[in-house]
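Data first, discussion second: the structure below is written as structure tokens.
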Amino acid sequence: MPTIIVDGKSYEVGSGKNLLEACLDAGLDLPYFCWHPSMGSIGSCRQCALVQYRDNDDQHGRIIMGCMTPATDGARVSLKVEKAKEFREAVVESLMLNHPHDCPVCSEGGECHLQDMTVMVGHRDRRYKGKKNTHRNQYLGPLINHEMNRCITCYRCERFYRDYAGGKDLSAQASRDRIYFGRHQDGILESEFSGNLVEVCPTGVFTDKPFLADYSRKWDLQSSPSICSGCGVGCNISPGERYGRLKRIHNRYNHEINGYFICDRGRFGAGYVNGDKRTNYVGIKEPNGAFKAIKKNEISRHIIQWLGNGNIVGIGSPRASVESNYLLQKLVGPSKFSLGVSQTEHNILKRQVSILQTTRASNPSVREIEMADAILVLGEDLTNTAARIALAIRQATKNKAIAMATKMGIEEWHDSAVRNLAQKELSPLFITTTAATKLDDVAMKTITLSPDEIANFGLELARQLADGNSQDPQIIEIATYLTTAERPLIVSGPSLLNANIVESAAAVADALAMSNQNTQLSFTFPESNSTGSILLGEPQNLMLSDIIENIDEIDVLVVLENDLSRRLSAFEMTQLNASQTKIISIDVLENKTLEISDMVLPAASFAETQGTLVNNEGRAQRFYSVFSPLHDRLPSWQWVIDIAAVIENEELSAIASFDEVIDLCAQNNNFQALSSVAPDKNFRDHGLKIPRQTHRNSGRTAITANTSVHEPQQSPDEETPLTYSMEGLNRDQPSALTPFVWSPGWNSNQSLQKFQAETDGPLKGGPSGIKLIKSSGCGVSLDYDRTPSVSLKNNYWRLVPIYSLHGSEELSLHTKEISELAGLPFIMLSGRDADNMKVSDGDGVIVSGDDLRISISVRVSARMAKGCAGYSAGYNEIGHLTADTYVQINRDDEWQPLKPVVIATDRIASFKSEDNQYV
Amino acid sequence: MIHNIIQSDTSSTLTSEEIHLINIELSHVPQKSGAAIDALKIVQDKRGWVSDECLIAIAKYLEMSSEELEGIATFYNLIFRRPVGEKVILFCDSVSCWLCGCEKQKHKISEILKIDYGETTKNKQFTFLPVPCLGACDKAPVMMVGDELFTNLDSSKIEQIFTDYEQEAG
């Protein structure tokens with residue numbers, strides 16, 4: 001470990017770091033703009049200037065850029081010397097020539113890195129009297145607001161958007177003081193990760209547009225440590241609340257999972273929490289079919305009437321917490337409990353878990369995925385099913401560049417040098433899918449096959465790895481790349497609802513792992529707690545189809561956070577509706593299942609309660625409420641306890657706190673470690689609770705003065721070590737309990753480095769979450785030699801699900817901005833099929849099959865397996881299309897091309913594009 | 001300022017001649033995007049400037065996003081993203097020319113043509129732009145009109161130059 005001397009004091013620093021990183025790791029405040037811990041250095045902003053001395057005798061030294069200079073052993077630098085300070089102040093002063101003084105109306109104000117750095121360098125008085133540049137801002141879609149005048153040209157946006165996330169439609173334009181970061185023309189940013197611009201930009205050029213429309217300062221937000229419920233990856237998030245509204249979501253650093261970045265579904269998809277579809281009060285269905293709101297304590301009267309023979313059945317949910325699911329299972333008994341997913345999905349996910357419990361390969365975290373140097377994806381469009389993993393794979397393809405640079409003695413953080421050296425050289429990535437994916441641009445090879453063919457492809461590859469007898473040059477080539485790699489990675493999942501694909505992925509990984517113990521196997525899981533609900537499963541669990549079949553024997557059906565219309569066919573839903581069974585639905589939003597329920601219990605959303613979710617690698621993580629539930633909403637687990645009290649289940653009705661629920665969950669072997677996922681409610685940090693509010697939260701005593709001048713009491717939080725107040729200590733606690741980051745002098749999210757053991761390193765509070773799935777390493781039992789039959793029919797198209805980041809997920813789709821982006825449901829065709837049918841993007845086709853005839857719009861995919869057509873999975877309107885059914889597709893001659901959805905509703909004025917150009 | 005400017009060729013598809021010339025450049029580079037600057041120059045050479053439509057067409061041909069190509073096109077001062085006159089006057093206002101009194105000559109040009117920097121004459125004949133250096137400091141002040149270099153400028157020389165152009169244009 002090198003030792004550097006800063007202003008006469010020695011510091012031991014990590015090897016391979018630059019001086020900026022070394023100084024920050026040492027706890028010194030060295031200002032910077034363009035360097036980013038995940039994106040390295042380019043030396044563009046000149047802010048992190050230091051004076052470096054040749055040796056002890058050198059009294060003069062020279063100015064160097066901290067981010068561009070390696071922290072070599074014995075390096076002598078000064079941060080405090082006047083020359084360096086003057087330089088840094090001059091840099092900020094020059095940036096301020098054009099930066100507007102609009103902090104009071106800027107949504108970045110109060111968490112602005114530029115503000116922090118300006119104060120840090122001591123720049124105060126303005127000497128420049130001239131005019132500032134003004135730019136025209138662009139309309140970038142419903143998620144991101146653009147205010148180009150604030151730009152300080154650090155290039156972080158472009159480097160994140162293009163270099164890191166692979167976006168194509170944002171670039172640095174023009175030169176000198178006319179530099180402009182934007183699109184070629186106004187339009188919606190195409191990247192699924194565009195929201196990270198909000199956090200990457202050190203000032204207010206790119207800001208969170210929905211937040212802007214419903215704004216509070218960071219210091220006024222109440223935050224909590226939370227987990228994203230958008231998909232199965234389990235990114236850590238920090239939601240912010242004020243006035244009972246969820247205002248925004250920021251990334252919450254988790255070293256193993258999301259690091260510094262989350263996807264746009266995670267950041268913008270939780271607007272439904274404030275939406276008008278929320279359930280607020282207990283509803284009881286009147287004979288006329290309308291719901292009447294009743295008081296919480298009236299539920300028992302109704303439920304008792306319905307009990308009949310006491311046959312209560314429960315349907316759990318992969319988007320409800322472990323605790324809620326477990327309590328419901330406990331309430332009704334395992335044999336009367338269903339996990340609440342289709343049988344196909346259930347079988348595949350169960351198999352995925354059993355593979356992860358036995359495979360010889362290791363089951364990587366997102367950060368470990370980033371380290372892979374040869375990757376095979378089987379059947380997953382990761383950008384749309386597990387976006388954060390797709391972003392990690394994109395980084396992994398850059399490992400070849402890093403290896404080339406290391407060979408040349410170039411440090412990994414030397415970003416532009418590394419890129420220049422590698423040009424377009426990438427680590428091998430092979431993508432085998434039915435349709436085009438957003439990772440195709442970094443794939444060495446894309447292979448387009450139908451679902452069965454993907455499985456066969458995987459199995460043949462596994463046989464080649466085992467015995468080397470394949471004749472297929474493509475298989476041989478991929479096998480060679482995988483066997484010569486140091487850290488090969490296989491990624492697969494349940495998207496195509498084909499169990500054989502999952503089997504084949506396990507076969508490839510196991511075959512590789514026989515000779516290479518660094519082999520990794522990762523599966524995606526569709527929903528935020530899919531893995532947790534599988535771990536909850538017991539052999540005698542019911543299937544949804546069993547429930548429908550025997551529906552008339554059931555007196556009361558309790559549905560936990562599950563819209564069954566997304567799992568059952570329209571026919572089954574009708575059966576459910578027609579039955580005499582009383583349905584009690586506990587859910588967050590109105591949906592088709594609530595419509596046919598007899599009682600609706602309003603559930604607290606993820607933002608109003610706590611619970612545990614298990615992500616795709618089997619990591620259990622706790623999320624905490626950011627505000628206490630409004631109206632009559634209660635956490636789902638609390639409703640289950642209330643029902644338990646009605647039916648006199650003593651064990652459950654005796655539960656008095658959330659910690660007791662967790663203790664009860666430990667009865668299930670898989671959840672023995674649940675209580676160590678995060679500290680219990682008695683945990684105190686230096687004797688204090690952890691505040692959800694910043695210590696500057698304003699207006700606390702006057703916040704409700706419009707209704708009463710009496711100071712309101714803070715909502716109590718008896719269930720967790722956190723408190724709904726500004727009192728307490730947000731420092732030194734375990735990482736799982738960090739609601740927001742802030743440090744004196746560091747008001748922006750850059751203050752994160754004060755919570756890290758080292759930049760881009762683990763948090764000081766230790767890792768958060770506990771892995772519940774460990775592999776025995778004995779190998780997966782597999783039948784390598786079988787060849788699943790490929791079923792395709794002439795003149796018919798086999799339907800395969802196509803997922804969209806915006807549109808396929810149930811809850812986020814109820815967020816205004818997301819539903820705008822989701823667009824219309826569609827059928828996806830190959831270019832050739834589309835040409836044959838004489839249709840193109842936006843035209844209409846008629847899809848017909850058994851009892852099915854719908855007219856739907858078309859999207860053309862750059863590649864689509866022969867004999868297959870995709871459908872927009874998860875879109876509400878598309879319930880009648882199901883995977884693996886065969887349909888006929890014909891041009892719809894009567895299709896009225898729908899008018900483009902007016903997205904730019906918030907746009908004030910349009911302007912002629914020619915006015916926005918440069919000579 | 002730019003409203004009354006000549007609408008030169010803005011047909012969106014590249015001509016076969018342009019494509020032919022771009023293909024020659026493509027044969028020299030390992031990646032298509034490597035020919036971006038040359039492709040822009042080829043199109044500008046034929047059309048005087050690079051319109052949005054042309055930029056999108058070039059980007060498509062080079063398998064780049066239009067944003068990526070826009071970044072390159074707008075970086076260079078001499079790739080014109082707005083229509084220009086028939087001849088572009090590149091007038092050096094850098095240090096050598098400045099020392100030799102180029103400011104006076106600049107006013108002279110403005111007076112004759114009735115345009116300032118960044119503007120185009122009403123008859124679309126000239127666009128007047130400053131440049132930092134033309135590499136002829138020993139003969140300062142200097143300027144280029146179209147492809148022609150004029151050195152050791154003084155008021156009478158400038159008058160002569162533009163009178164000649166006027167006559168030429170008839």
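Ordered as shown in the structure tokens, chains take letters A, B, and onward, while each chain numbers its residues from 1 and ligands are numbered from 1 in the order shown.
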key: chain A contacts on chain B, only C-alpha atoms, 7 Å, as a PyMOL selection string   = chain B and resi 65-68+70-71+74-75+77+80-82
query = Out of range 94-142 of chain B, which residues get strand (DSSP E) from DSSP, as a ChimeraX atom specification?
reply = /B:126-131
Those residues with N, CA and C atoms, as an mmCIF file, in the first residue's frame please?
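Result went into again29.cif, see below:
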```cif
data_model
loop_
_atom_site.group_PDB
_atom_site.id
_atom_site.type_symbol
_atom_site.label_atom_id
_atom_site.label_comp_id
_atom_site.auth_asym_id
_atom_site.auth_seq_id
_atom_site.Cartn_x
_atom_site.Cartn_y
_atom_site.Cartn_z
ATOM 1 N N PHE B 126 -21.887 36.783 -50.251
ATOM 2 C CA PHE B 126 -20.827 36.631 -49.252
ATOM 3 C C PHE B 126 -21.388 36.370 -47.852
ATOM 4 N N THR B 127 -20.668 35.504 -47.116
ATOM 5 C CA THR B 127 -20.879 35.392 -45.666
ATOM 6 C C THR B 127 -19.569 35.784 -45.011
ATOM 7 N N PHE B 128 -19.665 36.577 -43.982
ATOM 8 C CA PHE B 128 -18.477 37.199 -43.385
ATOM 9 C C PHE B 128 -18.199 36.547 -42.025
ATOM 10 N N LEU B 129 -17.042 35.883 -41.899
ATOM 11 C CA LEU B 129 -16.723 35.207 -40.629
ATOM 12 C C LEU B 129 -15.303 35.529 -40.178
ATOM 13 N N PRO B 130 -15.087 35.672 -38.891
ATOM 14 C CA PRO B 130 -13.719 35.834 -38.397
ATOM 15 C C PRO B 130 -13.061 34.474 -38.223
ATOM 16 N N VAL B 131 -11.765 34.395 -38.419
ATOM 17 C CA VAL B 131 -11.027 33.171 -38.079
ATOM 18 C C VAL B 131 -9.804 33.537 -37.249
#
```
Residues near Lys330 in chain A, cut-off 12 Å, only C-alpha atoms, skip fewer than 3 positions along chain, as a compact mmCIF listing (two decimals) with C-alpha atoms, in the first residue's frame:
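New file part-v7.txt:
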```txt
# COMPACT_ATOMS: atom_id res chain seq x y z
CA ILE A 312 -60.22 -19.85 4.21
CA VAL A 313 -57.73 -19.89 1.36
CA GLY A 314 -54.94 -17.36 0.86
CA ILE A 315 -53.22 -16.16 -2.27
CA GLY A 316 -49.86 -14.54 -1.67
CA VAL A 322 -41.71 -11.99 2.98
CA GLU A 323 -43.44 -11.07 6.24
CA SER A 324 -46.86 -10.41 4.69
CA ASN A 325 -46.70 -13.59 2.63
CA TYR A 326 -45.53 -15.65 5.56
CA LEU A 327 -48.26 -14.42 7.88
CA GLY A 333 -52.07 -23.05 6.56
CA PRO A 334 -49.58 -24.14 3.87
CA SER A 335 -52.06 -26.48 2.18
CA LYS A 336 -54.50 -23.63 1.66
CA PHE A 337 -51.95 -21.11 0.50
CA SER A 338 -50.93 -20.28 -3.03
CA LEU A 536 -41.58 -19.55 1.30
CA GLY A 537 -43.13 -22.28 -0.79
CA GLU A 538 -43.85 -25.67 0.64
CA ASN A 541 -48.84 -25.29 -1.67
CA TRP A 637 -49.02 -7.93 7.42
CA VAL A 640 -53.46 -10.32 8.08
CA ILE A 641 -53.04 -10.02 11.86
CA ILE A 643 -58.06 -10.99 10.10
CA ALA A 644 -56.35 -13.49 12.40
CA ASN A 649 -56.03 -17.39 15.52
CA GLU A 650 -54.23 -16.81 18.78
CA GLU A 651 -50.70 -17.23 17.59
CA LEU A 652 -51.03 -14.50 14.98
CA SER A 653 -53.34 -12.17 16.81
CA VAL A 661 -43.41 -11.08 12.75
CA LEU A 664 -42.17 -15.92 13.54
CA CYS A 665 -40.82 -16.11 9.99
CA GLN A 667 -39.92 -20.93 11.84
CA ASN A 668 -39.37 -21.41 8.14
```
request  = Can you list, as an MDAnalysis selection string, all residues belonging to range 75-141 of chain B that DSSP tags as alpha helix (DSSP H)?
outcome  = chainID B and resid 75 95:99 102:113
For Thr885 in chain A, find every residue with an atom within 12 Å (counting only C-alpha atoms), except residues of its own chain fewer than 3 positions away, and show them as a PDB file with N, CA and C atoms, in the first residue's frame.
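Saved the output as around.pdb:
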```pdb
ATOM      1  N   LEU A 497     -40.780 -17.941 -20.336  1.00  0.00           N
ATOM      2  CA  LEU A 497     -41.629 -18.947 -19.708  1.00  0.00           C
ATOM      3  C   LEU A 497     -41.304 -20.339 -20.243  1.00  0.00           C
ATOM      4  N   SER A 791     -41.409 -26.569 -31.293  1.00  0.00           N
ATOM      5  CA  SER A 791     -42.730 -26.558 -31.906  1.00  0.00           C
ATOM      6  C   SER A 791     -43.021 -25.214 -32.544  1.00  0.00           C
ATOM      7  N   LEU A 792     -43.100 -25.241 -33.849  1.00  0.00           N
ATOM      8  CA  LEU A 792     -43.519 -24.086 -34.627  1.00  0.00           C
ATOM      9  C   LEU A 792     -44.513 -24.622 -35.658  1.00  0.00           C
ATOM     10  N   LYS A 793     -45.477 -23.794 -36.011  1.00  0.00           N
ATOM     11  CA  LYS A 793     -46.490 -24.258 -36.961  1.00  0.00           C
ATOM     12  C   LYS A 793     -46.450 -23.382 -38.191  1.00  0.00           C
ATOM     13  N   TYR A 796     -48.646 -20.066 -38.797  1.00  0.00           N
ATOM     14  CA  TYR A 796     -49.023 -19.558 -37.476  1.00  0.00           C
ATOM     15  C   TYR A 796     -47.798 -18.909 -36.848  1.00  0.00           C
ATOM     16  N   TRP A 797     -48.060 -17.969 -35.967  1.00  0.00           N
ATOM     17  CA  TRP A 797     -46.954 -17.384 -35.215  1.00  0.00           C
ATOM     18  C   TRP A 797     -47.055 -17.826 -33.764  1.00  0.00           C
ATOM     19  N   ARG A 798     -45.954 -18.200 -33.229  1.00  0.00           N
ATOM     20  CA  ARG A 798     -45.932 -18.541 -31.816  1.00  0.00           C
ATOM     21  C   ARG A 798     -45.696 -17.240 -31.050  1.00  0.00           C
ATOM     22  N   LEU A 799     -46.550 -16.963 -30.084  1.00  0.00           N
ATOM     23  CA  LEU A 799     -46.427 -15.709 -29.349  1.00  0.00           C
ATOM     24  C   LEU A 799     -45.362 -15.824 -28.264  1.00  0.00           C
ATOM     25  N   VAL A 800     -44.479 -14.861 -28.238  1.00  0.00           N
ATOM     26  CA  VAL A 800     -43.482 -14.806 -27.155  1.00  0.00           C
ATOM     27  C   VAL A 800     -43.620 -13.459 -26.451  1.00  0.00           C
ATOM     28  N   PRO A 801     -43.457 -13.443 -25.128  1.00  0.00           N
ATOM     29  CA  PRO A 801     -43.591 -12.169 -24.424  1.00  0.00           C
ATOM     30  C   PRO A 801     -42.410 -11.237 -24.709  1.00  0.00           C
ATOM     31  N   VAL A 847     -54.869 -10.035 -34.860  1.00  0.00           N
ATOM     32  CA  VAL A 847     -54.331 -11.266 -34.312  1.00  0.00           C
ATOM     33  C   VAL A 847     -55.510 -12.185 -34.032  1.00  0.00           C
ATOM     34  N   SER A 848     -55.498 -13.365 -34.623  1.00  0.00           N
ATOM     35  CA  SER A 848     -56.625 -14.266 -34.375  1.00  0.00           C
ATOM     36  C   SER A 848     -56.143 -15.648 -33.988  1.00  0.00           C
ATOM     37  N   GLY A 849     -56.903 -16.264 -33.125  1.00  0.00           N
ATOM     38  CA  GLY A 849     -56.605 -17.607 -32.655  1.00  0.00           C
ATOM     39  C   GLY A 849     -57.871 -18.171 -32.046  1.00  0.00           C
ATOM     40  N   ASP A 850     -57.736 -19.183 -31.198  1.00  0.00           N
ATOM     41  CA  ASP A 850     -58.919 -19.743 -30.555  1.00  0.00           C
ATOM     42  C   ASP A 850     -59.609 -18.648 -29.736  1.00  0.00           C
ATOM     43  N   ASP A 851     -60.849 -18.397 -30.052  1.00  0.00           N
ATOM     44  CA  ASP A 851     -61.661 -17.402 -29.327  1.00  0.00           C
ATOM     45  C   ASP A 851     -60.979 -16.042 -29.236  1.00  0.00           C
ATOM     46  N   LEU A 852     -60.181 -15.730 -30.205  1.00  0.00           N
ATOM     47  CA  LEU A 852     -59.402 -14.506 -30.082  1.00  0.00           C
ATOM     48  C   LEU A 852     -59.396 -13.778 -31.407  1.00  0.00           C
ATOM     49  N   GLY A 867     -40.972 -17.677 -37.272  1.00  0.00           N
ATOM     50  CA  GLY A 867     -42.165 -18.350 -36.762  1.00  0.00           C
ATOM     51  C   GLY A 867     -42.659 -17.777 -35.446  1.00  0.00           C
ATOM     52  N   CYS A 868     -41.988 -16.753 -34.939  1.00  0.00           N
ATOM     53  CA  CYS A 868     -42.399 -16.168 -33.658  1.00  0.00           C
ATOM     54  C   CYS A 868     -42.859 -14.725 -33.864  1.00  0.00           C
ATOM     55  N   ALA A 869     -43.756 -14.300 -32.996  1.00  0.00           N
ATOM     56  CA  ALA A 869     -44.145 -12.890 -32.941  1.00  0.00           C
ATOM     57  C   ALA A 869     -44.217 -12.517 -31.474  1.00  0.00           C
ATOM     58  N   GLY A 870     -43.811 -11.315 -31.168  1.00  0.00           N
ATOM     59  CA  GLY A 870     -43.813 -10.891 -29.771  1.00  0.00           C
ATOM     60  C   GLY A 870     -45.086 -10.142 -29.431  1.00  0.00           C
ATOM     61  N   TYR A 871     -45.430 -10.131 -28.155  1.00  0.00           N
ATOM     62  CA  TYR A 871     -46.528  -9.273 -27.711  1.00  0.00           C
ATOM     63  C   TYR A 871     -46.077  -8.528 -26.472  1.00  0.00           C
ATOM     64  N   HIS A 880     -55.496 -10.976 -23.156  1.00  0.00           N
ATOM     65  CA  HIS A 880     -55.911 -12.174 -23.893  1.00  0.00           C
ATOM     66  C   HIS A 880     -54.794 -12.807 -24.707  1.00  0.00           C
ATOM     67  N   LEU A 881     -53.665 -12.165 -24.830  1.00  0.00           N
ATOM     68  CA  LEU A 881     -52.554 -12.795 -25.538  1.00  0.00           C
ATOM     69  C   LEU A 881     -51.684 -13.525 -24.525  1.00  0.00           C
ATOM     70  N   THR A 882     -51.395 -14.780 -24.798  1.00  0.00           N
ATOM     71  CA  THR A 882     -50.590 -15.534 -23.854  1.00  0.00           C
ATOM     72  C   THR A 882     -49.403 -16.177 -24.540  1.00  0.00           C
ATOM     73  N   GLN A 888     -52.769 -16.441 -35.808  1.00  0.00           N
ATOM     74  CA  GLN A 888     -52.574 -15.964 -37.168  1.00  0.00           C
ATOM     75  C   GLN A 888     -52.539 -14.444 -37.119  1.00  0.00           C
TER      76      GLN A 888
END
```
ask   = Got a sec: who's within 7 Å of Asn616 in chain A, counting only C-alpha atoms, leaving out chain neighbours fewer than 5 positions off, as a VMD selection string?
value = chain A and resid 232 to 233 523 to 525 531
Can those selected residues be exported to a file as a tab-separated table (two decimals), in the first residue's frame so that it contains N, CA and C atoms?
```
chain	number	residue	atom	x	y	z
A	232	GLY	N	-36.73	-7.80	-9.91
A	232	GLY	CA	-36.14	-8.71	-8.94
A	232	GLY	C	-34.71	-8.40	-8.55
A	233	VAL	N	-34.15	-7.29	-9.04
A	233	VAL	CA	-32.73	-7.03	-8.75
A	233	VAL	C	-32.53	-6.46	-7.35
A	523	PHE	N	-29.56	-15.72	-12.50
A	523	PHE	CA	-30.92	-15.77	-13.02
A	523	PHE	C	-31.63	-14.47	-12.67
A	524	THR	N	-32.50	-14.03	-13.58
A	524	THR	CA	-33.37	-12.92	-13.20
A	524	THR	C	-34.63	-13.50	-12.59
A	525	PHE	N	-35.26	-12.71	-11.74
A	525	PHE	CA	-36.56	-13.07	-11.18
A	525	PHE	C	-37.48	-11.90	-11.46
A	531	THR	N	-38.21	-14.30	-5.53
A	531	THR	CA	-37.33	-15.29	-4.90
A	531	THR	C	-37.83	-15.59	-3.49
```
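The space between CA of Ala873 in chain A and CA of Ile802 in chain A spans 5.5 Å.
Of note, CA of Asp717 in chain A and CA of Glu561 in chain A are spaced 23.8 Å apart.
Atom pair CA of Ser194 in chain A / CA of Gln693 in chain A has a distance of 27.5 Å (rounded to one decimal).
Compared by their closest atoms to Lys104 in chain B, and using only C-alpha atoms, the residues B:Ile42, B:Ile79, B:Leu153, B:Ala169 rank with B:Leu153 nearest.
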inquiry  = Which residues are close to range 890-892 of chain A, i.e. within 12 Å by only C-alpha atoms, leaving aside same-chain residues fewer than 5 positions away? Reply as a list of chain:residue names.
reply    = A:Asn795, A:Tyr796, A:Trp797, A:Ile827, A:Leu829, A:Asp833, A:Ala834, A:Asp835, A:Asn836, A:Met837, A:Lys838, A:Val839, A:Ser840, A:Gly842, A:Asp843, A:Gly844, A:Val845, A:Ile846, A:Val847, A:Ser848, A:Gly849, A:Arg853, A:Ile854, A:Ser855, A:Ile856, A:Ser857, A:Val858, A:Pro897
